[in-house]
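Structure first, then comments.
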Protein chains: 4
Amino acid sequence: MSWVTKITKIEPNRITVRGQKLDELMGKLNFAQVVYLILKGELPSESHRKVLDAILVASIDHGVTPPSTVAARTVASCGVPLTSALAAGVISIGKHHGGAVEDCMKALKGAVEDANKKGISFDEKAREIARKLKEEGKRLPGFGHRVHTQDPRTKKLRELAAESGLKGPHLEMTECLEMALKESSGRELPLNVDGAIAALLCEMNFPPSLGNAFFVIGRVPGLVAHIYEETSTMKPMRTVVPSEAEYQER
Amino acid sequence: MSWVTKITKIEPNRITVRGQKLDELMGKLNFAQVVYLILKGELPSESHRKVLDAILVASIDHGVTPPSTVAARTVASCGVPLTSALAAGVISIGKHHGGAVEDCMKALKGAVEDANKKGISFDEKAREIARKLKEEGKRLPGFGHRVHTQDPRTKKLRELAAESGLKGPHLEMTECLEMALKESSGRELPLNVDGAIAALLCEMNFPPSLGNAFFVIGRVPGLVAHIYEETSTMKPMRTVVPSEAEYQER
Amino acid sequence: MSWVTKITKIEPNRITVRGQKLDELMGKLNFAQVVYLILKGELPSESHRKVLDAILVASIDHGVTPPSTVAARTVASCGVPLTSALAAGVISIGKHHGGAVEDCMKALKGAVEDANKKGISFDEKAREIARKLKEEGKRLPGFGHRVHTQDPRTKKLRELAAESGLKGPHLEMTECLEMALKESSGRELPLNVDGAIAALLCEMNFPPSLGNAFFVIGRVPGLVAHIYEETSTMKPMRTVVPSEAEYQER
Amino acid sequence: MSWVTKITKIEPNRITVRGQKLDELMGKLNFAQVVYLILKGELPSESHRKVLDAILVASIDHGVTPPSTVAARTVASCGVPLTSALAAGVISIGKHHGGAVEDCMKALKGAVEDANKKGISFDEKAREIARKLKEEGKRLPGFGHRVHTQDPRTKKLRELAAESGLKGPHLEMTECLEMALKESSGRELPLNVDGAIAALLCEMNFPPSLGNAFFVIGRVPGLVAHIYEETSTMKPMRTVVPSEAEYQER
């Protein structure tokens with residue numbers, strides 16, 4: 001009849017998360033460290049901690065245009081609880097929005113494994129992938145962006161990985177793929193933030209099925225900020241049109 | 001036609017969150033600092049950072065019994081995307097589950113303001129509140145817990161606040177209320193973790209309507225851990241009975 | 001340890017809903033009749049059946065502008081399952097959108113009871129309510145509409161109620177309120193479709209807390225139609241701007 | 001800039017659904033007829049109307065054990081609005097729960113088309129499918145049930161189809177598949193209610209991607225009944241254990 005959980009043990013006046021007393025983690029570890037612990041079952045090294053914090057910060061918000069933000073603000077304007085509006089935003093994070101992390105992780109892992117198995121260079125493997133995508137008229141998840149040609153978050157995540165000594169085969173593969181895609185398509189298809197997060201999560205050995213989760217964990221506070229702004233400054237039952245929004249710093 | 005947002009400005013290759021370039025925050029600030037920034041519009045002091053990190057860590061998980069966990073695992077077992085299962089967990093955080101943060105913030109703010117206005121001591125105000133609750137047969141949100149008589153998270157949050165110099169009128173009021181409630185009811189009704197978070201958020205001057213949001217932001221990674229455990233180790237379409245769960249550290 | 005449910009009994013090869021074998025209801029009763037049965041515990045009279053069918057039909061859709069539709073289509077464009085997009089639409093039905101049914105039911109029930117208790121005429125009671133609303137600068141839920149000055153659904157629901165012999169005190173009160181509101185405010189504030197549904201549900205003796213449910217049950221197929229149109233005819237990750245929509249009959 | 005919708009046109013005092021004035025449908029058509037109209041763009045014949053009503057009635061509830069019911073009741077017990085609890089139930093209807101309708105529609109359509117293309121009998125095609133499933137250790141969606149060996153809903157849907165003259169190739173294929181699966185596996189794997197709904201929707205020429213939608217539209221009132229029972233008769237923040245439920249007719 002019983003089933004097993006390895007996450008958290010609850011006893012009167014004692015809470016144990018992944019074998020550690022929760023109150024002893026408080027004040028000693030920051031939130032990103034405990035996020036890592038609860039998802040992976042072990043504490044991060046300092047370099048992993050630094051990179052995870054940067055991934056969560058990179059994901060925190062992207063203004064009023066993402067569908068998750070439009071959905072969350074639209075629902076918030078209907079007079080429902082904050083958590084209901086937040087849920088509407090969270091639901092929308094799927095295949096076409098945020099979902100590139102998981103799909104890009106699978107692509108990168110597959111590419112690295114296949115190159116190693118076949119004993120070919122990463123450059124050769126990347127060109128093979130680019131050729132196949134061109135033939136099939138497909139895009140590679142994690143490459144290219146609607147707004148940014150040089151995504152500042154990608155650049156920073158790559159720098160932080162290099163500084164932290166996290167450079168590994170998946171990050172290397174992203175560079176080979178950028179070159180091969182440019183060669184094959186004749187235009188820039190640079191690694192976007194989803195792709196950079198994907199490469200870093202691969203280097204930290206997280207499973208692809210958790211890929212989108214990091215994006216969501218990072219984005220939730222951004223969605224909360226939008227919901228709060230909507231309910232505290234706008235009229236109820238409003239049509240949220242992103243193109244009509246004007247940014248004011250204060 | 002236009003409307004105003006003050007959260008995030010998007011330009012090609014440039015993302016500005018609350019007036020700060022996002023890529024410059026990455027690697028320099030941890031996630032909790034940027035959560036504070038996006039919700040409040042300013043960076044936290046080191047003491048506020050420390051307390052916010054502890055609040056988020058305290059909220060991360062409470063095992064398999066909370067309704068949000070049962071809902072998230074139940075939905076996850078149906079073969080839907082991770083974000084859909086997460087949304088089911090998030091929706092359930094309401095008046096009776098996690099919602100005590102907002103209600104307790106309102107109660108503490110009201111109590112402090114009213115004592116100051118009437119020029120009475122916090123002890124006197126707390127006794128007045130306890131008397132009124134007794135007459136009306138009501139409970140005070142943020143006090144008492146089903147499982148914990150001395151919640152280790154409450155103790156730690158109070159210690160961290162004291163260490164960080166965050167002690168203020170709302171925390172003081174929680175002590176007066178604990179005494180008054182004991183006196184009036186004849187039994188211990190200690191401050192629970194929701195109440196402790198509420199008092200600290202009051203000291204950091206967050207609005208009550210954002211109260212539950214911090215609990216949710218902290219709990220999302222815990223829900224993700226449960227959803228991942230459910231989908232990676234359990235059979236589909238399962239009835240999740242918390243009382244049949246057995247904790248294993250490894 | 002046990003708890004009681006009175007809705008549906010499941011035994012091998014036998015399903016009993018509110019005391020009736022489900023397969024015997026199929027083919028004999030239409031859907032609205034079984035909706036009535038499952039929610040009320042008894043079968044509707046022919047007049048109640050007719051009115052409930054009309055309420056559900058009246059609620060089925062209101063084009064692309066309602067927030068629930070915008071939310072559902074926005075989420076659908078992200079590549080999530082149909083049910084996830086539908087959930088985003090359902091969540092948004094709250095205080096400011098669809099929620100007037102419940103609030104108007106409470107207002108009508110209160111008005112009728114109070115008039116009876118005080119022994120005053122419905123006209124007198126309606127004027128009292130209109131005066132109080134004017135003093136407090138409040139609106140009465142269920143009266144007035146952004147688009148329609150004479151809502152064709154309201155007119156039809158009133159006609160059907162009259163034809164079916166369902167005319168009762170709550171419907172009568174809506175007429176007194178329309179006159180009193182016009183007198184007091186100097187402009188037309190006609191009963192809208194939420195208010196008409198509210199009055200009819202009061203006459204059929206449903207509890208106000210189920211009021212919004214009928215609107216939701218009726219609206220779900222409309223949301224499904226929008227989600228299907230979105231995913232089968234539009235590009236992914238689209239910004240849904242209702243004012244740019246053009247209606248084509250074929 | 002503009003985009004096209006073909007569902008509903010809103011003008012002041014005039015609502016047109018799929019080319020028909022909504023108020024003229026009220027009182028004349030029942031809900032299932034308008035559900036058919038809004039999803040298909042045309043009115044159903046009497047036989048299609050009858051079958052659709054039966055599909056919706058068949059889907060209305062299955063007691064306290066389905067995950068959608070557990071999720072909806074669990075969330076309802078947290079003190080959130082009815083529509084939020086309903087959304088949690090709706091989200092859970094996915095691949096493993098209700099989702100068999102879509103998958104079975106695809107399987108039946110594929111089987112019928114392939115048999116016709118190859119010029120082989122339905123029996124031969126069914127045996128081919130059963131062999132392949134056995135080799136791959138897979139199950140056919142829409143066949144077999146945890147509780148019912150002879151699902152009374154399946155039997156009734158088949159009878160109604162026959163009575164209504166709706167018998168067609170997809171229904172015929174379900175019979176061939178039942179025999180082939182029995183032959184191949186040595187045990188009964190009868191068509192379940194999802195499979196019967198799938199076959200009927202194929203005969204009525206609905207697309208498979210709308211398959212699960214009919215199950216959801218039918219189940220929403222059942223979920224509402226459970227949410228209302230939960231909030232009106234149970235204590236807040238309850239653990240919902242289906243195996244401890246006891247059915248009472250009154």
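Just remember, in the structure tokens the first chain shown is A, the second B, etc., residues are 1-based per chain, and ligands are 1-based in the order shown.
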
ask   = Using only C-alpha atoms, which residues sit within 9 Å of Met179 (chain D) once same-chain residues fewer than 5 positions away are excluded, as an MDAnalysis selection string?
value = chainID D and resid 123 126:127 174 184 188:190

ask   = Near chain D, which residues of chain B fall within 12 Å when you count only C-alpha atoms, and what do they look like as a PyMOL selection string?
value = chain B and resi 64-100+146+235-244

As a JSON list (two decimals) with N, CA and C atoms, in the first residue's frame, please: the residues near Asp103 (chain A) (cut-off 9 Å, only C-alpha atoms, same-chain neighbours under 2 positions excluded).
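Printed below is part37.json as written:
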```json
[["chain", "number", "residue", "atom", "x", "y", "z"],
["A", 95, "LYS", "N", 5.46, 24.25, -25.15],
["A", 95, "LYS", "CA", 6.32, 23.94, -26.29],
["A", 95, "LYS", "C", 6.86, 25.19, -26.97],
["A", 99, "GLY", "N", 9.57, 26.50, -23.56],
["A", 99, "GLY", "CA", 9.74, 25.06, -23.73],
["A", 99, "GLY", "C", 10.99, 24.68, -24.50],
["A", 100, "ALA", "N", 11.65, 25.68, -25.09],
["A", 100, "ALA", "CA", 12.86, 25.36, -25.85],
["A", 100, "ALA", "C", 13.96, 24.80, -24.96],
["A", 101, "VAL", "N", 13.92, 25.10, -23.66],
["A", 101, "VAL", "CA", 14.99, 24.61, -22.77],
["A", 101, "VAL", "C", 15.06, 23.08, -22.83],
["A", 105, "MET", "N", 17.95, 20.90, -24.63],
["A", 105, "MET", "CA", 18.77, 19.96, -23.83],
["A", 105, "MET", "C", 18.84, 18.59, -24.52],
["A", 106, "LYS", "N", 17.67, 18.14, -24.99],
["A", 106, "LYS", "CA", 17.65, 16.84, -25.68],
["A", 106, "LYS", "C", 18.52, 16.88, -26.93],
["A", 107, "ALA", "N", 18.41, 17.98, -27.68],
["A", 107, "ALA", "CA", 19.20, 18.09, -28.92],
["A", 107, "ALA", "C", 20.69, 18.11, -28.62],
["A", 108, "LEU", "N", 21.09, 18.88, -27.62],
["A", 108, "LEU", "CA", 22.52, 18.98, -27.29],
["A", 108, "LEU", "C", 23.06, 17.65, -26.77],
["A", 140, "LEU", "N", 16.13, 24.73, -35.03],
["A", 140, "LEU", "CA", 16.73, 24.08, -33.86],
["A", 140, "LEU", "C", 16.29, 24.84, -32.61],
["A", 141, "PRO", "N", 15.62, 24.18, -31.66],
["A", 141, "PRO", "CA", 15.20, 24.90, -30.45],
["A", 141, "PRO", "C", 16.41, 25.45, -29.70],
["A", 142, "GLY", "N", 16.30, 26.71, -29.25],
["A", 142, "GLY", "CA", 17.39, 27.33, -28.50],
["A", 142, "GLY", "C", 18.28, 28.23, -29.34],
["A", 198, "ALA", "N", 19.85, 25.79, -21.46],
["A", 198, "ALA", "CA", 19.87, 24.35, -21.76],
["A", 198, "ALA", "C", 21.29, 23.79, -21.68],
["A", 208, "PRO", "N", 16.77, 16.53, -18.99],
["A", 208, "PRO", "CA", 16.01, 17.43, -19.86],
["A", 208, "PRO", "C", 14.57, 17.67, -19.38],
["A", 209, "SER", "N", 13.94, 16.66, -18.78],
["A", 209, "SER", "CA", 12.54, 16.83, -18.38],
["A", 209, "SER", "C", 12.39, 17.87, -17.26],
["A", 211, "GLY", "N", 14.14, 20.70, -17.56],
["A", 211, "GLY", "CA", 14.67, 21.92, -18.19],
["A", 211, "GLY", "C", 13.74, 23.11, -18.07]]
```

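When CA of Val193 (chain B) is paired with CA of Asp151 (chain B), their separation reads 6.8 Å.
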
inquiry  = At a cut-off of 12 Å, using only C-alpha atoms, what residues contact Gly110 (chain C)? Leave out same-chain residues fewer than 4 positions from it and give the result as a VMD selection string.
reply    = chain C and resid 103 to 106 114 to 118 122 125 to 126 129 169 to 170 173 202 208

With all heavy atoms retained, export the selected residues as a CSV table (one decimal), in the first residue's frame.
```
chain,number,residue,atom,x,y,z
C,103,ASP,N,-23.3,37.3,-7.4
C,103,ASP,CA,-23.6,38.5,-6.6
C,103,ASP,C,-25.0,39.1,-6.9
C,103,ASP,O,-25.6,39.6,-5.9
C,103,ASP,CB,-22.5,39.6,-7.0
C,103,ASP,CG,-21.1,39.2,-6.6
C,103,ASP,OD1,-21.0,38.4,-5.6
C,103,ASP,OD2,-20.1,39.7,-7.1
C,104,CYS,N,-25.5,39.0,-8.1
C,104,CYS,CA,-26.8,39.4,-8.4
C,104,CYS,C,-27.9,38.5,-7.7
C,104,CYS,O,-28.9,39.0,-7.2
C,104,CYS,CB,-27.0,39.5,-9.9
C,104,CYS,SG,-28.6,40.2,-10.3
C,105,MET,N,-27.6,37.2,-7.7
C,105,MET,CA,-28.5,36.3,-7.0
C,105,MET,C,-28.6,36.7,-5.5
C,105,MET,O,-29.7,36.7,-4.9
C,105,MET,CB,-28.0,34.8,-7.1
C,105,MET,CG,-28.3,34.2,-8.4
C,105,MET,SD,-27.6,32.5,-8.5
C,105,MET,CE,-29.0,31.6,-7.7
C,106,LYS,N,-27.5,37.0,-4.9
C,106,LYS,CA,-27.5,37.4,-3.5
C,106,LYS,C,-28.3,38.7,-3.3
C,106,LYS,O,-29.1,38.8,-2.4
C,106,LYS,CB,-26.1,37.6,-2.9
C,106,LYS,CG,-25.3,36.3,-2.7
C,106,LYS,CD,-23.9,36.6,-2.2
C,106,LYS,CE,-23.1,35.3,-2.2
C,106,LYS,NZ,-21.6,35.6,-2.2
C,114,ASP,N,-36.1,40.9,2.2
C,114,ASP,CA,-36.3,42.1,3.1
C,114,ASP,C,-37.6,42.8,2.9
C,114,ASP,O,-38.2,43.3,3.8
C,114,ASP,CB,-35.1,43.0,2.8
C,114,ASP,CG,-34.9,44.0,3.9
C,114,ASP,OD1,-34.8,43.6,5.1
C,114,ASP,OD2,-34.9,45.2,3.6
C,115,ALA,N,-38.0,42.9,1.6
C,115,ALA,CA,-39.3,43.5,1.3
C,115,ALA,C,-40.4,42.7,2.0
C,115,ALA,O,-41.3,43.3,2.6
C,115,ALA,CB,-39.6,43.5,-0.2
C,116,ASN,N,-40.4,41.4,1.9
C,116,ASN,CA,-41.4,40.5,2.6
C,116,ASN,C,-41.4,40.7,4.1
C,116,ASN,O,-42.4,40.8,4.7
C,116,ASN,CB,-41.2,39.1,2.2
C,116,ASN,CG,-41.5,38.8,0.8
C,116,ASN,OD1,-42.2,39.6,0.1
C,116,ASN,ND2,-41.0,37.7,0.2
C,117,LYS,N,-40.2,40.7,4.7
C,117,LYS,CA,-40.0,40.9,6.1
C,117,LYS,C,-40.6,42.2,6.6
C,117,LYS,O,-41.3,42.3,7.6
C,117,LYS,CB,-38.6,40.7,6.5
C,117,LYS,CG,-38.4,40.2,7.9
C,117,LYS,CD,-36.9,40.0,8.2
C,117,LYS,CE,-36.1,41.2,8.1
C,117,LYS,NZ,-34.6,41.0,8.3
C,118,LYS,N,-40.2,43.3,5.9
C,118,LYS,CA,-40.7,44.6,6.3
C,118,LYS,C,-42.1,44.9,5.8
C,118,LYS,O,-42.7,45.9,6.2
C,118,LYS,CB,-39.8,45.7,5.6
C,118,LYS,CG,-38.4,45.7,6.2
C,118,LYS,CD,-37.6,46.9,5.5
C,118,LYS,CE,-36.1,47.0,6.0
C,118,LYS,NZ,-35.3,47.7,5.0
C,122,PHE,N,-42.3,45.8,-3.5
C,122,PHE,CA,-41.1,45.6,-4.2
C,122,PHE,C,-40.6,46.9,-4.8
C,122,PHE,O,-39.4,47.2,-4.8
C,122,PHE,CB,-41.2,44.6,-5.4
C,122,PHE,CG,-41.2,43.2,-4.9
C,122,PHE,CD1,-41.3,42.9,-3.5
C,122,PHE,CD2,-41.0,42.1,-5.7
C,122,PHE,CE1,-41.3,41.5,-3.0
C,122,PHE,CE2,-41.0,40.8,-5.3
C,122,PHE,CZ,-41.1,40.5,-3.9
C,125,LYS,N,-38.9,48.8,-2.0
C,125,LYS,CA,-37.6,48.2,-1.7
C,125,LYS,C,-36.6,48.5,-2.8
C,125,LYS,O,-35.4,48.9,-2.5
C,125,LYS,CB,-37.8,46.7,-1.6
C,125,LYS,CG,-36.5,45.9,-1.3
C,125,LYS,CD,-36.0,46.2,0.1
C,125,LYS,CE,-34.5,45.9,0.2
C,125,LYS,NZ,-33.9,46.4,1.5
C,126,ALA,N,-37.0,48.5,-4.0
C,126,ALA,CA,-36.1,48.8,-5.2
C,126,ALA,C,-35.6,50.2,-5.1
C,126,ALA,O,-34.4,50.5,-5.3
C,126,ALA,CB,-36.8,48.5,-6.5
C,129,ILE,N,-33.0,50.5,-2.4
C,129,ILE,CA,-31.7,50.0,-2.9
C,129,ILE,C,-31.0,51.0,-3.8
C,129,ILE,O,-29.8,51.3,-3.7
C,129,ILE,CB,-31.9,48.6,-3.6
C,129,ILE,CG1,-32.3,47.5,-2.6
C,129,ILE,CG2,-30.6,48.2,-4.4
C,129,ILE,CD1,-32.7,46.2,-3.2
C,169,PRO,N,-41.1,36.1,-7.8
C,169,PRO,CA,-40.7,37.4,-7.1
C,169,PRO,C,-39.4,38.0,-7.6
C,169,PRO,O,-39.2,39.2,-7.6
C,169,PRO,CB,-40.7,37.0,-5.6
C,169,PRO,CG,-40.5,35.6,-5.6
C,169,PRO,CD,-41.2,35.0,-6.8
C,170,HIS,N,-38.4,37.1,-7.9
C,170,HIS,CA,-37.0,37.6,-8.2
C,170,HIS,C,-37.1,38.3,-9.6
C,170,HIS,O,-36.4,39.3,-9.8
C,170,HIS,CB,-36.0,36.5,-8.1
C,170,HIS,CG,-36.0,35.8,-6.8
C,170,HIS,ND1,-36.8,34.7,-6.6
C,170,HIS,CD2,-35.4,36.1,-5.7
C,170,HIS,CE1,-36.6,34.3,-5.3
C,170,HIS,NE2,-35.7,35.2,-4.7
C,173,MET,N,-38.8,41.6,-9.1
C,173,MET,CA,-37.8,42.5,-8.4
C,173,MET,C,-36.9,43.1,-9.5
C,173,MET,O,-36.6,44.3,-9.4
C,173,MET,CB,-37.1,41.8,-7.3
C,173,MET,CG,-36.1,42.7,-6.5
C,173,MET,SD,-36.9,44.1,-5.7
C,173,MET,CE,-37.5,43.4,-4.2
C,202,CYS,N,-32.6,32.0,-9.3
C,202,CYS,CA,-33.3,32.2,-8.0
C,202,CYS,C,-34.7,31.6,-8.1
C,202,CYS,O,-35.1,30.9,-7.1
C,202,CYS,CB,-33.5,33.7,-7.7
C,202,CYS,SG,-32.0,34.5,-7.1
C,208,PRO,N,-27.0,30.7,-4.5
C,208,PRO,CA,-26.1,31.7,-5.2
C,208,PRO,C,-24.7,31.2,-5.4
C,208,PRO,O,-24.1,31.5,-6.4
C,208,PRO,CB,-26.1,32.9,-4.2
C,208,PRO,CG,-27.4,32.8,-3.4
C,208,PRO,CD,-27.6,31.3,-3.3
```

request  = Mind the document's chain letters and residue numbers, and return as a PyMOL selection string the residues of region 73-131 of chain B that DSSP labels helix (DSSP H, G or I).
outcome  = chain B and resi 73-76+82-91+100-118+122-131

Go ahead and write the residues just picked, N, CA and C atoms, as a CSV table (one decimal), in the first residue's frame.
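Saved as out-v1.csv:
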```csv
chain,number,residue,atom,x,y,z
B,73,ARG,N,0.7,16.5,-7.7
B,73,ARG,CA,1.1,15.1,-8.0
B,73,ARG,C,0.0,14.4,-8.7
B,74,THR,N,-1.3,14.6,-8.2
B,74,THR,CA,-2.4,14.0,-8.8
B,74,THR,C,-2.5,14.4,-10.3
B,75,VAL,N,-2.4,15.6,-10.6
B,75,VAL,CA,-2.5,16.1,-12.0
B,75,VAL,C,-1.3,15.6,-12.8
B,76,ALA,N,-0.1,15.6,-12.2
B,76,ALA,CA,1.1,15.1,-12.9
B,76,ALA,C,0.9,13.7,-13.3
B,82,LEU,N,4.6,19.4,-17.2
B,82,LEU,CA,5.1,19.8,-15.9
B,82,LEU,C,4.4,21.1,-15.5
B,83,THR,N,4.3,22.0,-16.4
B,83,THR,CA,3.8,23.4,-16.0
B,83,THR,C,2.3,23.3,-15.7
B,84,SER,N,1.6,22.4,-16.3
B,84,SER,CA,0.1,22.2,-16.0
B,84,SER,C,-0.1,21.6,-14.6
B,85,ALA,N,0.7,20.7,-14.3
B,85,ALA,CA,0.7,20.1,-12.9
B,85,ALA,C,1.0,21.2,-11.9
B,86,LEU,N,2.1,21.9,-12.2
B,86,LEU,CA,2.5,23.0,-11.3
B,86,LEU,C,1.4,24.0,-11.1
B,87,ALA,N,0.7,24.4,-12.2
B,87,ALA,CA,-0.4,25.3,-12.1
B,87,ALA,C,-1.5,24.8,-11.1
B,88,ALA,N,-1.8,23.5,-11.2
B,88,ALA,CA,-2.8,23.0,-10.3
B,88,ALA,C,-2.4,23.2,-8.8
B,89,GLY,N,-1.1,23.0,-8.6
B,89,GLY,CA,-0.6,23.2,-7.2
B,89,GLY,C,-0.7,24.7,-6.8
B,90,VAL,N,-0.3,25.6,-7.7
B,90,VAL,CA,-0.3,27.0,-7.5
B,90,VAL,C,-1.7,27.5,-7.2
B,91,ILE,N,-2.7,27.1,-8.0
B,91,ILE,CA,-4.1,27.5,-7.8
B,91,ILE,C,-4.6,27.2,-6.4
B,100,ALA,N,-2.6,32.4,4.9
B,100,ALA,CA,-2.5,33.1,6.2
B,100,ALA,C,-1.5,34.2,6.2
B,101,VAL,N,-0.6,34.2,5.3
B,101,VAL,CA,0.4,35.3,5.3
B,101,VAL,C,-0.2,36.6,5.1
B,102,GLU,N,-1.0,36.7,4.0
B,102,GLU,CA,-1.7,38.0,3.7
B,102,GLU,C,-2.6,38.4,4.9
B,103,ASP,N,-3.4,37.5,5.4
B,103,ASP,CA,-4.4,37.8,6.4
B,103,ASP,C,-3.7,38.2,7.7
B,104,CYS,N,-2.6,37.5,8.0
B,104,CYS,CA,-1.8,37.8,9.2
B,104,CYS,C,-1.1,39.2,9.1
B,105,MET,N,-0.7,39.5,7.9
B,105,MET,CA,-0.1,40.9,7.7
B,105,MET,C,-1.1,42.0,7.9
B,106,LYS,N,-2.3,41.7,7.4
B,106,LYS,CA,-3.3,42.7,7.7
B,106,LYS,C,-3.6,42.9,9.2
B,107,ALA,N,-3.7,41.7,9.9
B,107,ALA,CA,-4.0,41.8,11.3
B,107,ALA,C,-2.9,42.5,12.1
B,108,LEU,N,-1.6,42.2,11.7
B,108,LEU,CA,-0.5,42.8,12.5
B,108,LEU,C,-0.4,44.3,12.2
B,109,LYS,N,-0.6,44.6,10.9
B,109,LYS,CA,-0.5,46.1,10.6
B,109,LYS,C,-1.6,46.8,11.3
B,110,GLY,N,-2.8,46.2,11.3
B,110,GLY,CA,-4.0,46.9,12.0
B,110,GLY,C,-3.7,47.0,13.4
B,111,ALA,N,-3.2,46.0,14.1
B,111,ALA,CA,-3.0,46.0,15.5
B,111,ALA,C,-2.0,47.0,15.9
B,112,VAL,N,-0.9,47.1,15.1
B,112,VAL,CA,0.2,48.1,15.4
B,112,VAL,C,-0.3,49.5,15.3
B,113,GLU,N,-1.0,49.7,14.1
B,113,GLU,CA,-1.5,51.1,13.9
B,113,GLU,C,-2.6,51.5,14.9
B,114,ASP,N,-3.4,50.5,15.3
B,114,ASP,CA,-4.5,50.9,16.2
B,114,ASP,C,-3.9,51.2,17.6
B,115,ALA,N,-2.9,50.4,18.0
B,115,ALA,CA,-2.3,50.6,19.3
B,115,ALA,C,-1.6,52.0,19.3
B,116,ASN,N,-0.9,52.3,18.3
B,116,ASN,CA,-0.3,53.7,18.2
B,116,ASN,C,-1.3,54.8,18.2
B,117,LYS,N,-2.4,54.6,17.5
B,117,LYS,CA,-3.4,55.6,17.4
B,117,LYS,C,-4.1,55.9,18.7
B,118,LYS,N,-4.4,54.8,19.4
B,118,LYS,CA,-5.1,54.9,20.7
B,118,LYS,C,-4.1,55.2,21.8
B,122,PHE,N,1.3,47.6,23.3
B,122,PHE,CA,1.0,46.4,22.5
B,122,PHE,C,0.4,45.3,23.3
B,123,ASP,N,0.8,45.1,24.5
B,123,ASP,CA,0.2,44.1,25.4
B,123,ASP,C,-1.3,44.3,25.5
B,124,GLU,N,-1.7,45.5,25.8
B,124,GLU,CA,-3.1,45.9,25.9
B,124,GLU,C,-3.8,45.6,24.6
B,125,LYS,N,-3.3,46.0,23.5
B,125,LYS,CA,-3.9,45.8,22.2
B,125,LYS,C,-4.1,44.3,21.9
B,126,ALA,N,-3.0,43.5,22.3
B,126,ALA,CA,-3.0,42.1,22.0
B,126,ALA,C,-4.1,41.4,22.8
B,127,ARG,N,-4.3,41.9,24.1
B,127,ARG,CA,-5.4,41.3,25.0
B,127,ARG,C,-6.7,41.6,24.4
B,128,GLU,N,-6.9,42.9,23.9
B,128,GLU,CA,-8.1,43.3,23.3
B,128,GLU,C,-8.5,42.4,22.1
B,129,ILE,N,-7.5,42.1,21.3
B,129,ILE,CA,-7.7,41.2,20.1
B,129,ILE,C,-8.1,39.8,20.6
B,130,ALA,N,-7.3,39.3,21.6
B,130,ALA,CA,-7.6,37.9,22.0
B,130,ALA,C,-9.0,37.8,22.6
B,131,ARG,N,-9.4,38.8,23.4
B,131,ARG,CA,-10.8,38.8,23.9
B,131,ARG,C,-11.8,38.8,22.8
```

query = For the atom pair CA of Gly165 (chain B) and CA of Ile120 (chain B), what is the interatomic distance in Å to one decimal place?
reply =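 Computing the Euclidean distance for CA of Gly165 (chain B) and CA of Ile120 (chain B) yields 24.8 Å.
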
request  = Report as a PyMOL selection string: the residues of region 11-125 of chain C with a DSSP assignment of strand (DSSP E), based on the backbone of this structure.
outcome  = chain C and resi 11+14-17+20-21

Separation of CA of Met204 (chain D) from CA of Gln248 (chain C), in Å and rounded to one decimal =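 Spanning CA of Met204 (chain D) to CA of Gln248 (chain C) is a straight-line distance of 24.4 Å.
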